[in-house]
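Data block below; observations after.
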Amino acid sequence: MAVLELTDNHFVCVDEELMSWLSLFEWTYEDYANCLVRKSGYVCRRSWDKSRLCMDAEIMKHAGLWEPNKVVNHKNSCRMDHRVENLRMATLSQHRRARRPTAQNISGLSGVTLHRPGWWRVSICVGGSSVYLGSYQDIEEAKAVRVAAEIEHFGDFRYDPTDLCPLWETQCPYCQDRAKMTWPTIWGTLTY
Ligand SMILES: [Zn+2]
């Protein structure tokens, strides 16, 4: 693995053998907060005709792994981790299932929600409809139920909060944000 520095002082993981090719271009991290064009969180560059090229798609095309009508999915859901082994083509629904929960999600897992004080409601969306998987007082038990259902229905295309990129502790703005999501811990200490 090699670390490529972008024009805006961010760093991304790439494969060693792609370094010289990727270094030919000026890549920018489209920060959620700072990007005027589109708040994507992706790493992109402008082509000669000013169109926007994303690093993940460019790498897949370069590797001969690009598939039309699909999107590039980062297996560990870190958009800064561009090692080919971390990239795969996914349908839009596979891609959506594998994305990390929003900041408003307090359990840290989609489908695990606090529905009344002390009770975690678990559900999963399968084939367009929501399937109820029970309510649990223990958040860890609720999460285990959700994870088992994800493995059954989604296979590999699921979000794993423990799967972080190699740069998460030091240079990755994307994974550092994720590691800072301490809501489940804070919530667990509240009493009703
Ligand atoms: Zn990362």
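Labeling convention for the structure tokens: chains A, B, ... as they appear, residues from 1 per chain, ligands from 1 in order of appearance.
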- Based on DSSP run over this structure's backbone, return all residues of chain A in strand (DSSP E), as a VMD selection string. chain A and resid 2 to 5 11 to 14 28 to 29 43 to 46 52 to 54 71 to 74 87 to 90 112 to 116 119 to 126 129 to 136
List as a PDB file with C-alpha atoms, in the first residue's frame the protein and nucleic acid residues near Phe11 (chain A), meaning an atom at most 8 Å away when only C-alpha atoms are counted, but skip any in the same chain fewer than 5 places from it.
ATOM      1  CA  VAL A   3      -0.121   6.917   0.514  1.00  0.00           C
ATOM      2  CA  LEU A   4      -0.945   9.565  -2.076  1.00  0.00           C
ATOM      3  CA  GLU A   5      -1.100  13.201  -1.000  1.00  0.00           C
ATOM      4  CA  LEU A   6      -3.855  15.238  -2.634  1.00  0.00           C
ATOM      5  CA  MET A  80     -10.412   7.516   0.956  1.00  0.00           C
ATOM      6  CA  GLN A 171      -4.591  10.690   8.174  1.00  0.00           C
ATOM      7  CA  CYS A 172      -8.053   9.643   7.071  1.00  0.00           C
TER       8      CYS A 172
END
Please identify every residue of chain A that has at least one atom no farther than 7 Å from an atom of ligand 1, counting only C-alpha atoms and all ligand atoms, and for each give the shortest atom pair and the distance in Å to one decimal, arranged by chain then increasing number, as a Markdown table.
| residue | atom | partner | partner_atom_place_in_ligand_line | distance |
| --- | --- | --- | --- | --- |
| A:Cys78 | CA | ligand 1 | 1 (Zn) | 4.5 |
| A:Arg79 | CA | ligand 1 | 1 (Zn) | 6.6 |
| A:Met80 | CA | ligand 1 | 1 (Zn) | 5.3 |
| A:Asp81 | CA | ligand 1 | 1 (Zn) | 5.8 |
| A:Leu164 | CA | ligand 1 | 1 (Zn) | 5.9 |
| A:Cys165 | CA | ligand 1 | 1 (Zn) | 4.3 |
| A:Pro166 | CA | ligand 1 | 1 (Zn) | 6.9 |
| A:Leu167 | CA | ligand 1 | 1 (Zn) | 5.8 |
| A:Trp168 | CA | ligand 1 | 1 (Zn) | 4.8 |
| A:Cys172 | CA | ligand 1 | 1 (Zn) | 4.7 |
| A:Pro173 | CA | ligand 1 | 1 (Zn) | 6.8 |
| A:Tyr174 | CA | ligand 1 | 1 (Zn) | 5.1 |
| A:Cys175 | CA | ligand 1 | 1 (Zn) | 4.1 |
Could those selected residues go to a file with N, CA and C atoms, as a short mmCIF file (atom, residue, chain, number, x, y, z; two decimals), in the first residue's frame?
data_model
loop_
_atom_site.label_atom_id
_atom_site.label_comp_id
_atom_site.auth_asym_id
_atom_site.auth_seq_id
_atom_site.Cartn_x
_atom_site.Cartn_y
_atom_site.Cartn_z
N CYS A 78 -14.99 3.28 3.39
CA CYS A 78 -14.13 4.47 3.47
C CYS A 78 -13.84 4.96 2.06
N ARG A 79 -14.26 6.19 1.76
CA ARG A 79 -14.10 6.74 0.42
C ARG A 79 -12.67 7.23 0.15
N MET A 80 -11.81 7.14 1.15
CA MET A 80 -10.41 7.52 0.96
C MET A 80 -9.54 6.30 0.67
N ASP A 81 -10.10 5.11 0.83
CA ASP A 81 -9.32 3.89 0.67
C ASP A 81 -9.48 3.36 -0.77
N LEU A 164 -12.19 -0.52 9.20
CA LEU A 164 -11.67 0.82 8.94
C LEU A 164 -10.47 0.73 8.00
N CYS A 165 -10.15 1.84 7.32
CA CYS A 165 -9.05 1.80 6.36
C CYS A 165 -7.70 1.86 7.07
N PRO A 166 -6.60 1.54 6.36
CA PRO A 166 -5.29 1.52 7.00
C PRO A 166 -4.85 2.88 7.58
N LEU A 167 -5.46 3.97 7.11
CA LEU A 167 -5.04 5.30 7.58
C LEU A 167 -5.98 5.88 8.63
N TRP A 168 -6.88 5.08 9.16
CA TRP A 168 -7.95 5.66 9.98
C TRP A 168 -7.46 6.38 11.22
N CYS A 172 -6.82 9.75 7.84
CA CYS A 172 -8.05 9.64 7.07
C CYS A 172 -9.20 10.45 7.69
N PRO A 173 -9.61 11.57 7.05
CA PRO A 173 -10.68 12.38 7.64
C PRO A 173 -12.00 11.60 7.68
N TYR A 174 -12.17 10.72 6.74
CA TYR A 174 -13.43 9.98 6.64
C TYR A 174 -13.61 9.01 7.80
N CYS A 175 -12.56 8.21 8.07
CA CYS A 175 -12.66 7.22 9.16
C CYS A 175 -12.52 7.84 10.53
#
Taking only C-alpha atoms into account, name the residue in A:Leu114, A:Thr170, A:Tyr159, A:Ala148 that is nearest to Arg100 (chain A).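 Of A:Leu114, A:Thr170, A:Tyr159, A:Ala148, the one nearest Arg100 (chain A) is A:Tyr159, counting only C-alpha atoms.
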**Item:** Test item, alpha helix (DSSP H) assignment across region 12-145 of chain A, answer as a list in words
**Value:**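 The alpha helix (DSSP H) subset of region 12-145 of chain A is Met19, Ser20, Trp21, Leu22, Met55, Asp56, Ala57, Glu58, Ile59, Met60, Lys61, His62, Leu92, Ser93, Gln94, His95, Arg96, Arg97, Ile139, Glu140, Glu141, Ala142, Lys143, Ala144 and Val145 of chain A.
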Q: Skip Asn69 (chain A) itself and residues of its chain fewer than 2 positions away, then list as a ChimeraX atom specification all residues within 10 Å of it, counting only C-alpha atoms.
A: /A:66-67,71,89-92
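Reported to one decimal place, the separation of CA of Asn86 (chain A) from CA of Gly128 (chain A) is 27.6 Å.
The gap separating CA of Ile151 (chain A) from CA of Tyr132 (chain A) is 16.0 Å, in Å to one decimal.
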Counting only C-alpha atoms, the residue of A:Asp163, A:Glu16, A:Glu26, A:Glu140 that sits nearest Leu53 (chain A) |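 Under the stated criterion, the closest residue is A:Glu26.
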